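Next comes upload07.txt, with compact mmCIF, C-alpha atoms and all ligand atoms.
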# COMPACT_ATOMS: atom_id res chain seq x y z
CA MET A 1 106.42 107.50 82.06
CA GLN A 2 106.96 105.07 79.23
CA ARG A 3 105.52 101.58 79.37
CA THR A 4 107.65 98.49 79.20
CA PRO A 5 107.83 97.36 75.57
CA SER A 6 105.81 94.17 75.34
CA THR A 7 107.31 92.77 72.17
CA GLY A 8 110.66 92.64 70.49
CA ARG A 9 114.14 92.00 71.69
CA ARG A 10 114.69 93.52 75.04
CA SER A 11 117.87 94.59 76.77
CA LEU A 12 117.78 96.33 80.16
CA PRO A 13 116.45 99.86 79.68
CA GLN A 14 118.86 102.78 79.97
CA ALA A 15 116.49 104.53 82.35
CA GLU A 16 114.21 102.40 84.45
CA ALA A 17 111.78 102.85 87.34
CA ILE A 18 111.39 99.41 88.92
CA ILE A 19 108.14 99.12 90.87
CA ASP A 20 108.09 96.49 93.61
CA LEU A 21 104.48 95.31 93.92
CA ASP A 22 105.40 93.25 96.99
CA ALA A 23 106.28 96.55 98.67
CA VAL A 24 102.84 97.90 97.70
CA VAL A 25 101.20 94.81 99.22
CA HIS A 26 103.29 95.16 102.39
CA ASN A 27 102.42 98.87 102.71
CA VAL A 28 98.69 98.32 102.22
CA ARG A 29 98.68 95.56 104.85
CA ARG A 30 100.45 97.90 107.24
CA LEU A 31 97.91 100.61 106.51
CA ARG A 32 95.10 98.16 107.25
CA ASP A 33 96.68 97.56 110.66
CA TYR A 34 96.77 101.30 111.28
CA ALA A 35 93.18 101.66 110.04
CA GLY A 36 91.69 99.19 112.50
CA ASP A 37 88.01 98.71 111.66
CA ALA A 38 88.02 101.40 108.99
CA ALA A 39 88.25 100.39 105.33
CA VAL A 40 91.21 101.46 103.20
CA MET A 41 90.73 103.46 100.00
CA ALA A 42 93.99 103.28 98.06
CA VAL A 43 94.66 106.61 96.38
CA VAL A 44 96.02 105.84 92.90
CA LYS A 45 95.68 109.32 91.40
CA ALA A 46 98.38 110.70 89.09
CA ASP A 47 99.00 107.22 87.68
CA ALA A 48 99.47 105.91 91.23
CA TYR A 49 101.95 108.67 92.09
CA ASN A 50 103.76 107.65 88.89
CA HIS A 51 103.99 103.96 89.88
CA GLY A 52 101.34 102.80 87.36
CA ALA A 53 97.66 102.96 88.33
CA VAL A 54 96.46 99.57 87.13
CA PRO A 55 99.18 97.30 88.59
CA VAL A 56 99.22 99.27 91.85
CA ALA A 57 95.42 99.19 92.11
CA ARG A 58 95.40 95.42 91.60
CA ALA A 59 98.14 94.90 94.19
CA ALA A 60 96.40 97.20 96.69
CA LEU A 61 93.06 95.43 96.26
CA ALA A 62 94.75 92.03 96.60
CA ALA A 63 96.27 93.27 99.86
CA GLY A 64 92.85 94.24 101.21
CA ALA A 65 92.20 97.81 100.09
CA ARG A 66 88.43 98.06 99.56
CA GLU A 67 88.14 101.12 97.34
CA LEU A 68 90.25 103.24 94.98
CA GLY A 69 90.59 107.00 94.84
CA VAL A 70 91.54 109.07 91.77
CA THR A 71 91.48 112.71 90.79
CA THR A 72 90.03 112.72 87.29
CA LEU A 73 87.31 110.92 85.38
CA ALA A 74 89.93 109.70 82.88
CA GLU A 75 91.89 108.09 85.70
CA GLY A 76 88.75 106.31 86.86
CA LEU A 77 87.90 105.14 83.36
CA GLU A 78 91.41 103.73 82.92
CA LEU A 79 90.85 101.46 85.94
CA ARG A 80 87.47 100.32 84.60
CA ALA A 81 88.93 99.67 81.12
CA ALA A 82 91.46 97.36 82.78
CA GLY A 83 88.58 95.37 84.25
CA ILE A 84 88.89 96.65 87.82
CA ASP A 85 85.39 96.66 89.29
CA ALA A 86 86.13 97.80 92.86
CA PRO A 87 84.51 101.07 93.98
CA VAL A 88 86.33 104.04 92.44
CA LEU A 89 85.87 107.62 93.61
CA SER A 90 86.97 110.54 91.40
CA TRP A 91 87.01 113.99 93.02
CA LEU A 92 88.30 116.87 90.89
CA HIS A 93 86.36 117.94 87.81
CA THR A 94 85.49 121.03 85.87
CA VAL A 95 81.78 121.81 85.72
CA ASP A 96 81.66 120.98 82.00
CA ALA A 97 83.38 117.60 82.35
CA ASP A 98 81.95 114.68 80.37
CA TYR A 99 80.25 112.94 83.30
CA ALA A 100 78.03 110.50 81.39
CA PRO A 101 80.68 107.86 80.54
CA ALA A 102 81.92 107.91 84.14
CA ILE A 103 78.39 107.47 85.48
CA ALA A 104 77.79 104.64 83.04
CA ALA A 105 81.05 103.02 84.21
CA GLY A 106 79.89 103.19 87.82
CA ILE A 107 82.55 105.67 88.92
CA GLU A 108 81.52 107.45 92.07
CA LEU A 109 81.74 111.22 91.75
CA GLY A 110 83.06 113.56 94.41
CA VAL A 111 80.98 116.75 94.19
CA SER A 112 82.15 120.16 95.37
CA SER A 113 79.44 122.68 94.43
CA PRO A 114 75.78 123.03 93.44
CA ARG A 115 76.97 123.75 89.84
CA HIS A 116 78.89 120.49 89.66
CA LEU A 117 75.91 118.69 91.11
CA ALA A 118 73.58 120.20 88.49
CA ALA A 119 75.90 119.06 85.70
CA ILE A 120 75.99 115.53 87.13
CA VAL A 121 72.20 115.45 87.49
CA ALA A 122 71.85 116.53 83.86
CA ALA A 123 74.35 113.91 82.67
CA ALA A 124 72.63 111.16 84.68
CA GLU A 125 69.22 112.13 83.31
CA SER A 126 70.57 112.20 79.75
CA ILE A 127 71.54 108.53 79.96
CA GLY A 128 68.72 107.44 82.28
CA GLU A 129 71.04 106.30 85.07
CA THR A 130 71.58 107.21 88.70
CA ALA A 131 74.94 108.78 89.51
CA VAL A 132 76.47 107.64 92.78
CA ILE A 133 77.98 110.66 94.48
CA THR A 134 80.08 111.55 97.49
CA ALA A 135 79.81 115.05 98.87
CA LYS A 136 83.20 116.68 99.25
CA VAL A 137 82.84 119.27 101.98
CA ASP A 138 85.37 121.99 102.61
CA THR A 139 86.08 121.86 106.35
CA GLY A 140 88.92 124.37 106.31
CA LEU A 141 91.44 123.59 103.56
CA ASN A 142 89.75 126.19 101.34
CA ARG A 143 90.66 124.32 98.20
CA ASN A 144 88.32 121.73 96.68
CA GLY A 145 85.04 120.89 98.44
CA VAL A 146 81.67 122.56 98.97
CA ALA A 147 82.20 126.02 100.45
CA ARG A 148 80.56 126.76 103.77
CA ASP A 149 78.13 129.35 102.40
CA GLU A 150 76.95 126.95 99.68
CA TRP A 151 76.51 123.92 101.91
CA PRO A 152 72.79 124.40 102.80
CA GLU A 153 71.86 124.92 99.13
CA PHE A 154 74.01 121.94 98.15
CA VAL A 155 72.27 119.64 100.66
CA ARG A 156 68.86 120.80 99.38
CA ASP A 157 69.88 120.12 95.77
CA VAL A 158 71.21 116.65 96.62
CA ALA A 159 67.89 115.82 98.31
CA ARG A 160 66.05 116.98 95.21
CA GLY A 161 68.35 115.08 92.84
CA GLN A 162 68.01 111.94 94.91
CA ALA A 163 64.20 112.22 95.01
CA ALA A 164 64.25 112.49 91.20
CA GLY A 165 66.43 109.38 90.93
CA ALA A 166 69.27 111.22 89.21
CA VAL A 167 71.78 110.83 92.04
CA ARG A 168 72.31 108.70 95.12
CA LEU A 169 74.43 110.14 97.88
CA ARG A 170 76.71 107.41 99.15
CA GLY A 171 79.49 109.20 100.98
CA LEU A 172 80.86 112.31 102.58
CA PHE A 173 84.50 113.32 102.74
CA SER A 174 86.91 116.14 103.35
CA HIS A 175 90.67 116.73 103.19
CA LEU A 176 93.04 118.00 105.89
CA ALA A 177 95.17 121.14 105.72
CA HIS A 178 97.62 120.08 108.45
CA GLY A 179 97.48 116.28 108.33
CA ASP A 180 101.25 115.95 108.71
CA GLU A 181 101.49 118.38 111.64
CA LEU A 182 100.79 116.29 114.70
CA GLY A 183 98.54 118.01 117.18
CA HIS A 184 97.72 121.03 115.03
CA PRO A 185 94.43 122.49 116.35
CA GLU A 186 93.01 122.94 112.84
CA ILE A 187 92.87 119.13 112.54
CA ASP A 188 90.35 118.93 115.39
CA SER A 189 88.25 121.72 113.97
CA GLN A 190 88.15 120.03 110.54
CA ARG A 191 87.14 116.75 112.19
CA ASP A 192 84.37 118.51 114.10
CA ARG A 193 83.08 120.23 110.97
CA LEU A 194 82.99 116.92 109.14
CA HIS A 195 80.88 115.46 111.95
CA GLN A 196 78.54 118.45 111.63
CA ALA A 197 78.26 118.01 107.88
CA ALA A 198 77.36 114.33 108.40
CA ASP A 199 74.68 115.43 110.89
CA ASP A 200 73.32 117.93 108.35
CA LEU A 201 72.99 115.15 105.78
CA ARG A 202 71.27 112.82 108.26
CA ARG A 203 68.79 115.56 109.16
CA ALA A 204 68.03 115.94 105.44
CA SER A 205 67.35 112.18 105.25
CA LEU A 206 70.57 111.68 103.30
CA PRO A 207 72.58 109.57 105.76
CA PRO A 208 76.06 108.92 104.30
CA GLU A 209 77.13 105.26 104.20
CA VAL A 210 80.82 106.16 104.34
CA VAL A 211 82.52 109.19 105.84
CA HIS A 212 86.26 109.71 105.40
CA LEU A 213 88.95 112.26 106.14
CA ALA A 214 92.36 110.72 106.85
CA ASN A 215 95.26 110.85 104.37
CA SER A 216 98.44 108.81 105.03
CA ALA A 217 99.75 111.07 107.77
CA ALA A 218 96.46 111.08 109.67
CA THR A 219 96.03 107.33 109.18
CA VAL A 220 99.28 106.58 110.98
CA THR A 221 98.94 109.16 113.74
CA ARG A 222 95.27 109.91 114.45
CA PRO A 223 92.94 106.98 115.20
CA ASP A 224 90.19 109.50 115.98
CA LEU A 225 90.13 110.56 112.32
CA ARG A 226 89.45 107.12 110.85
CA PHE A 227 85.69 107.47 110.50
CA ASP A 228 84.51 104.63 108.18
CA MET A 229 87.45 104.67 105.79
CA VAL A 230 90.96 106.08 105.45
CA ARG A 231 92.36 107.45 102.23
CA PRO A 232 96.14 106.99 102.10
CA GLY A 233 98.28 107.73 99.06
CA ILE A 234 101.97 108.28 99.69
CA ALA A 235 102.31 105.50 102.29
CA ILE A 236 101.11 102.94 99.73
CA TYR A 237 104.21 103.81 97.74
CA GLY A 238 106.32 103.30 100.85
CA LEU A 239 107.34 106.89 101.41
CA THR A 240 106.92 108.42 104.81
CA PRO A 241 104.11 110.97 105.18
CA ILE A 242 105.92 112.56 108.17
CA PRO A 243 109.70 112.40 107.60
CA GLU A 244 110.52 113.76 111.05
CA GLN A 245 108.70 110.79 112.56
CA GLY A 246 110.53 108.00 110.70
CA ASP A 247 109.33 105.54 108.08
CA PHE A 248 106.39 103.96 109.98
CA GLY A 249 107.48 100.58 108.63
CA PHE A 250 106.63 101.38 105.01
CA ARG A 251 108.90 100.19 102.20
CA PRO A 252 109.64 102.40 99.16
CA ALA A 253 108.24 100.76 96.03
CA MET A 254 110.16 102.66 93.36
CA THR A 255 113.83 102.09 92.50
CA LEU A 256 115.38 104.35 89.89
CA ARG A 257 118.01 102.47 87.94
CA THR A 258 120.24 103.29 85.00
CA ARG A 259 123.24 101.68 83.34
CA VAL A 260 126.73 102.91 82.68
CA ALA A 261 127.00 104.14 79.09
CA LEU A 262 130.70 104.97 79.09
CA VAL A 263 133.74 104.79 81.37
CA LYS A 264 136.68 107.13 80.78
CA LYS A 265 139.76 108.66 82.38
CA VAL A 266 139.88 112.32 83.30
CA SER A 267 143.20 113.92 84.14
CA ALA A 268 143.95 116.26 87.04
CA GLY A 269 142.88 119.83 86.35
CA SER A 270 140.25 118.93 83.73
CA GLY A 271 136.66 120.16 84.10
CA VAL A 272 133.68 117.83 83.85
CA SER A 273 130.24 118.54 82.32
CA TYR A 274 128.73 121.92 81.30
CA GLY A 275 130.41 124.95 82.79
CA HIS A 276 133.20 122.80 84.20
CA ARG A 277 131.70 123.21 87.64
CA TRP A 278 133.81 120.31 88.83
CA ILE A 279 137.55 120.21 88.19
CA ALA A 280 139.35 116.94 88.82
CA PRO A 281 141.76 117.48 91.75
CA ALA A 282 143.71 114.40 90.66
CA ASP A 283 143.65 111.89 87.84
CA THR A 284 140.45 109.89 88.08
CA THR A 285 138.00 107.68 86.24
CA VAL A 286 134.39 108.67 85.60
CA ALA A 287 131.22 106.89 84.53
CA LEU A 288 128.61 108.43 82.26
CA LEU A 289 125.00 107.61 83.19
CA PRO A 290 122.31 108.17 80.53
CA MET A 291 119.67 109.95 82.63
CA GLY A 292 119.27 113.67 83.13
CA TYR A 293 116.83 116.39 83.95
CA ALA A 294 114.57 115.40 81.04
CA ASP A 295 114.06 112.13 82.93
CA GLY A 296 113.43 113.76 86.30
CA ILE A 297 116.97 114.03 87.69
CA ARG A 298 116.43 117.65 88.66
CA ARG A 299 119.21 120.03 87.68
CA ASN A 300 119.21 121.56 91.15
CA LEU A 301 120.70 118.26 92.32
CA SER A 302 123.90 118.98 90.36
CA GLY A 303 126.93 117.85 92.34
CA ARG A 304 124.79 117.04 95.38
CA ILE A 305 123.76 113.40 94.99
CA ASP A 306 125.43 110.03 95.33
CA VAL A 307 124.71 107.12 93.03
CA LEU A 308 125.11 103.47 94.05
CA LEU A 309 127.47 101.97 91.52
CA GLY A 310 129.93 99.08 91.77
CA GLY A 311 128.84 98.31 95.32
CA ARG A 312 129.40 101.79 96.76
CA ARG A 313 127.91 105.23 96.78
CA ARG A 314 129.79 107.49 94.39
CA PRO A 315 129.47 111.25 93.99
CA GLN A 316 127.82 112.72 90.93
CA LEU A 317 130.06 115.39 89.40
CA GLY A 318 129.27 118.82 88.00
CA ARG A 319 126.07 119.77 86.24
CA VAL A 320 123.17 117.42 85.67
CA CYS A 321 122.47 117.68 81.91
CA MET A 322 119.30 117.01 79.95
CA ASP A 323 120.24 113.43 79.08
CA GLN A 324 123.14 112.44 81.29
CA VAL A 325 125.18 112.79 84.44
CA VAL A 326 128.79 111.95 85.30
CA VAL A 327 129.90 110.04 88.39
CA ASP A 328 133.36 109.79 89.96
CA LEU A 329 134.79 106.26 90.21
CA GLY A 330 138.14 107.26 91.70
CA PRO A 331 141.59 106.73 90.21
CA ASP A 332 141.32 102.95 89.88
CA GLY A 333 137.79 102.99 88.42
CA GLY A 334 136.54 100.68 91.16
CA GLY A 335 136.10 97.83 88.70
CA VAL A 336 133.03 99.52 87.19
CA GLN A 337 132.36 98.49 83.60
CA GLU A 338 130.23 99.87 80.82
CA GLY A 339 126.78 98.30 81.11
CA ASP A 340 126.88 98.05 84.92
CA GLU A 341 123.74 99.01 86.81
CA ALA A 342 123.59 102.17 88.89
CA LEU A 343 120.89 103.14 91.39
CA PHE A 344 119.82 106.75 91.92
CA PHE A 345 117.35 105.90 94.66
CA GLY A 346 115.42 102.96 96.04
CA ASP A 347 114.41 101.32 99.31
CA GLY A 348 117.96 101.53 100.67
CA ARG A 349 118.51 97.81 101.06
CA LEU A 350 121.66 97.90 98.94
CA GLY A 351 122.85 101.15 100.48
CA GLU A 352 121.41 103.44 97.82
CA PRO A 353 119.86 106.82 98.69
CA GLY A 354 116.09 107.23 99.03
CA ALA A 355 113.62 109.55 97.30
CA GLN A 356 113.36 111.22 100.71
CA ASP A 357 117.07 112.17 100.51
CA TRP A 358 116.45 113.93 97.21
CA ALA A 359 113.40 115.68 98.66
CA GLU A 360 115.51 117.09 101.48
CA LEU A 361 118.23 118.27 99.07
CA LEU A 362 115.62 120.02 96.95
CA ASP A 363 113.66 121.41 99.90
CA THR A 364 110.52 119.62 98.74
CA ILE A 365 108.49 116.53 99.65
CA ASN A 366 109.02 112.93 98.57
CA TYR A 367 105.72 113.05 96.61
CA GLU A 368 107.28 115.48 94.15
CA ILE A 369 110.35 113.31 93.62
CA VAL A 370 108.56 110.11 92.56
CA THR A 371 105.87 111.89 90.54
CA GLY A 372 108.58 113.88 88.75
CA ILE A 373 110.41 110.91 87.24
CA GLY A 374 109.62 110.53 83.57
CA GLY A 375 110.96 111.43 80.17
CA ARG A 376 112.49 108.31 78.68
CA THR A 377 112.26 106.31 81.90
CA VAL A 378 110.67 102.92 81.36
CA ARG A 379 108.56 101.41 84.14
CA THR A 380 109.00 97.73 84.96
CA TYR A 381 107.49 95.61 87.72
CA VAL A 382 108.79 93.04 90.16
CA GLY A 383 106.88 91.10 92.81
CA GLY A 384 103.11 90.83 92.90
CA GLU A 385 102.70 87.07 93.07
CA GLY A 386 104.64 86.12 90.00
CA GLY A 387 103.34 88.93 87.88
CA GLU A 388 99.63 88.11 88.06
CA LEU A 389 98.82 91.63 89.22
CA ARG A 390 100.41 93.43 86.32
C1 LIG A 401 96.11 112.93 97.37
C2 LIG A 401 94.98 112.82 98.27
C3 LIG A 401 94.98 111.86 99.30
C4 LIG A 401 96.19 111.03 99.68
O1 LIG A 401 97.09 111.85 100.40
P1 LIG A 401 98.49 111.27 100.94
O2 LIG A 401 99.06 112.41 101.69
O3 LIG A 401 99.29 110.91 99.74
O4 LIG A 401 98.17 110.11 101.78
C5 LIG A 401 93.82 111.71 100.04
N1 LIG A 401 92.73 112.47 99.78
C6 LIG A 401 92.71 113.42 98.82
C7 LIG A 401 91.48 114.22 98.61
C8 LIG A 401 93.83 113.64 98.04
O5 LIG A 401 93.81 114.57 97.09
Let me see the structure of the file written as structure tokens.
Ligand SMILES: *Cc1c(COP(=O)(O)O)cnc(C)c1O
Amino acid sequence: MQRTPSTGRRSLPQAEAIIDLDAVVHNVRRLRDYAGDAAVMAVVKADAYNHGAVPVARAALAAGARELGVTTLAEGLELRAAGIDAPVLSWLHTVDADYAPAIAAGIELGVSSPRHLAAIVAAAESIGETAVITAKVDTGLNRNGVARDEWPEFVRDVARGQAAGAVRLRGLFSHLAHGDELGHPEIDSQRDRLHQAADDLRRASLPPEVVHLANSAATVTRPDLRFDMVRPGIAIYGLTPIPEQGDFGFRPAMTLRTRVALVKKVSAGSGVSYGHRWIAPADTTVALLPMGYADGIRRNLSGRIDVLLGGRRRPQLGRVCMDQVVVDLGPDGGGVQEGDEALFFGDGRLGEPGAQDWAELLDTINYEIVTGIGGRTVRTYVGGEGGELR
């Protein structure tokens, strides 16, 4: 997503994702309540689920998150470059990644195989530093993490690397396959395997300081999975990790706003937008909004969403185009003027839809909706103690 222009004359952007840092603070505080004695690692991967990694990380830390989680080394380095010195864990790397700068920046590395470990040992030795690592163990997701058959060799290699001063094992973690399916038996078996892996490390004189497993869904539903730290992502952004179970008191942080580019009359029987998939049943007035599928308004939403405009929800008409959509204002135009603000989704306080509504229409999850907004959309911030966090 584009950054807010910092200089020059500024009118309201045509396509804007407004990020409410007060909502982030609220959500992190709520997660701390759910976490009890466990620490909170705020997951700010993928540019904080497209909310902006640095401002969100600052807000989350101010609200009491103790650590930050990212996917890539570059994401970790971006936080360090912004002056954030909280613990940062990065957990998905190719074997040939450039580990040395991350080690030098004190980014903790999640390690998922003996090959990755060897590369990290070599990088640490090349710069004469000790890499702080967290073992990522595969307890059943069969995705990232040390595979079961490689675990004994991995533990041996960590012991060797630690004895040589190249690495220091700080943590142990794993990720759930069914975190959002309450009571699924696989959750218990993953928890048990994580306990076993921790025992294996203790027996090898590598006792982990922090063990963690719970994502957002597990944090709000499974106190027995807290271990030393929880690792929520989506809930920080205020979206529910288990839609069937309600919102858990989280507040959506992203509002997608645009402005009316044009108002015009359309007469009965006329088609609107590509393919004329919508034909006006009566004379009406329409508004043109300058956001389309290039900005993340997915084309599969064509004719299926409402937009909050002029104080009411109004139906979007016909096809979503690359750059624009059309909305019905009714015969009298509802008093809507060119330049007026329109909301695609937000926290619902003004009656606008939520990202969750779009997820249901598209048969996907809310994560994909907020991370999919982009193109020409400009990100701006509100809240966060007068802007200090930005
Ligand atoms: C993304 C991710 C999380 C956060 O998951 P949410 O469902 O967004 O809470 C936690 N841990 C790992 C390893 C992840 O990749």
Next on the checklist: Around ligand LIG 401 (chain A), out to 6 Å and counting only C-alpha atoms and all ligand atoms, which residues are there? I want them as a PyMOL selection string.
Outcome noted: chain A and resi 43+175+215-216+231-234
Checklist entry - Which polymer residues have any atom within 12 Å of an atom of Val24 in chain A, counting all atoms listed in the file, with same-chain residues fewer than 5 positions away left out, as a ChimeraX atom specification? => result /A:19,29-31,42,44,48,51-53,55-65,233-239,250-254,381-385,389
Checklist entry - Which distance in Å separates CA of Trp151 in chain A and CA of Leu201 in chain A, to one decimal? => result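 Result for CA of Trp151 in chain A versus CA of Leu201 in chain A: 10.2 Å, one decimal.
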Next on the checklist: Just want the 7 Å neighbourhood of range 99-108 of chain A, counted on only C-alpha atoms, with same-chain residues fewer than 2 positions away dropped. Output as an MDAnalysis selection string.
Outcome noted: chainID A and resid 73 76:77 80 88:90 97 110 120 123:124 127 131:134
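Shell of Gly375 in chain A at 12 Å, with only C-alpha atoms counted and residues fewer than 6 places along the chain excluded, is Met1, Gln2, Arg3, Gln14, Ala15, Glu16, Ala17, Asn50, Pro290, Met291, Gly292, Tyr293, Ala294, Asp295, Gly296, Ile297, Arg298, Met322 and Asp323 of chain A.
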Once you have the residues from the selection above, write them out as a JSON list (two decimals), in the coordinates of the input, restricted to C-alpha atoms.
[["chain", "number", "residue", "atom", "x", "y", "z"],
["A", 1, "MET", "CA", 106.42, 107.50, 82.06],
["A", 2, "GLN", "CA", 106.96, 105.07, 79.23],
["A", 3, "ARG", "CA", 105.52, 101.58, 79.37],
["A", 14, "GLN", "CA", 118.86, 102.78, 79.97],
["A", 15, "ALA", "CA", 116.49, 104.53, 82.35],
["A", 16, "GLU", "CA", 114.21, 102.40, 84.45],
["A", 17, "ALA", "CA", 111.78, 102.85, 87.34],
["A", 50, "ASN", "CA", 103.76, 107.65, 88.89],
["A", 290, "PRO", "CA", 122.31, 108.17, 80.53],
["A", 291, "MET", "CA", 119.67, 109.95, 82.63],
["A", 292, "GLY", "CA", 119.27, 113.67, 83.13],
["A", 293, "TYR", "CA", 116.83, 116.39, 83.95],
["A", 294, "ALA", "CA", 114.57, 115.40, 81.04],
["A", 295, "ASP", "CA", 114.06, 112.13, 82.93],
["A", 296, "GLY", "CA", 113.43, 113.76, 86.30],
["A", 297, "ILE", "CA", 116.97, 114.03, 87.69],
["A", 298, "ARG", "CA", 116.43, 117.65, 88.66],
["A", 322, "MET", "CA", 119.30, 117.01, 79.95],
["A", 323, "ASP", "CA", 120.24, 113.43, 79.08]]
Item to check | Atom pair CA of Leu350 in chain A / CA of Val54 in chain A: separation (Å) | outcome: 27.9 Å
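Compared by their closest atoms to Gly310 in chain A, and using only C-alpha atoms, the residues A:Gly335, A:Pro185, A:Gly246, A:Gly374 rank with A:Gly335 nearest.
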Checklist entry - So how far away is CA of Leu141 in chain A from CA of Leu176 in chain A, in Å? => result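 So the two atoms, CA of Leu176 in chain A and CA of Leu141 in chain A, lie 6.3 Å apart.
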Item to check | range 113-117 of chain A surroundings by only C-alpha atoms, 8 Å radius, close-in-sequence under 6 positions cut, as a ChimeraX atom specification | outcome: /A:94-95,145-147,150,153-154,157-158
Item to check | Residue nearest Ala177 in chain A among A:Arg259, A:Arg143, A:Arg304, A:Arg156 (counting all atoms listed in the file) | outcome: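 Nearest candidate to Ala177 in chain A out of A:Arg259, A:Arg143, A:Arg304, A:Arg156: A:Arg143.
Close contacts of Asp328 in chain A, defined as residues with an atom at most 9 Å away when counting only C-alpha atoms, with chain neighbours fewer than 4 positions off set aside, comprise Thr284, Thr285, Val286, Ala287, Arg314, Pro315, Gln316, Leu317 and Gly333 of chain A.
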Filtering to C-alpha atoms, could range 209-228 of chain A of the supplied structure be written out as a PDB file, in the first residue's frame?
ATOM      1  CA  GLU A 209      13.348 -19.708  28.047  1.00  0.00           C
ATOM      2  CA  VAL A 210      10.099 -19.196  26.138  1.00  0.00           C
ATOM      3  CA  VAL A 211       7.738 -21.745  24.636  1.00  0.00           C
ATOM      4  CA  HIS A 212       4.775 -20.623  22.538  1.00  0.00           C
ATOM      5  CA  LEU A 213       1.996 -22.057  20.424  1.00  0.00           C
ATOM      6  CA  ALA A 214      -1.217 -20.010  20.515  1.00  0.00           C
ATOM      7  CA  ASN A 215      -2.380 -17.845  17.597  1.00  0.00           C
ATOM      8  CA  SER A 216      -5.340 -15.451  18.047  1.00  0.00           C
ATOM      9  CA  ALA A 217      -7.987 -18.169  18.014  1.00  0.00           C
ATOM     10  CA  ALA A 218      -6.189 -20.289  20.605  1.00  0.00           C
ATOM     11  CA  THR A 219      -5.414 -17.231  22.744  1.00  0.00           C
ATOM     12  CA  VAL A 220      -9.098 -16.416  23.157  1.00  0.00           C
ATOM     13  CA  THR A 221     -10.360 -19.968  23.588  1.00  0.00           C
ATOM     14  CA  ARG A 222      -7.651 -22.200  25.064  1.00  0.00           C
ATOM     15  CA  PRO A 223      -5.944 -21.086  28.289  1.00  0.00           C
ATOM     16  CA  ASP A 224      -4.117 -24.435  28.359  1.00  0.00           C
ATOM     17  CA  LEU A 225      -2.179 -23.438  25.225  1.00  0.00           C
ATOM     18  CA  ARG A 226      -0.696 -20.222  26.608  1.00  0.00           C
ATOM     19  CA  PHE A 227       2.666 -21.640  27.628  1.00  0.00           C
ATOM     20  CA  ASP A 228       5.006 -18.637  28.247  1.00  0.00           C
TER      21      ASP A 228
END
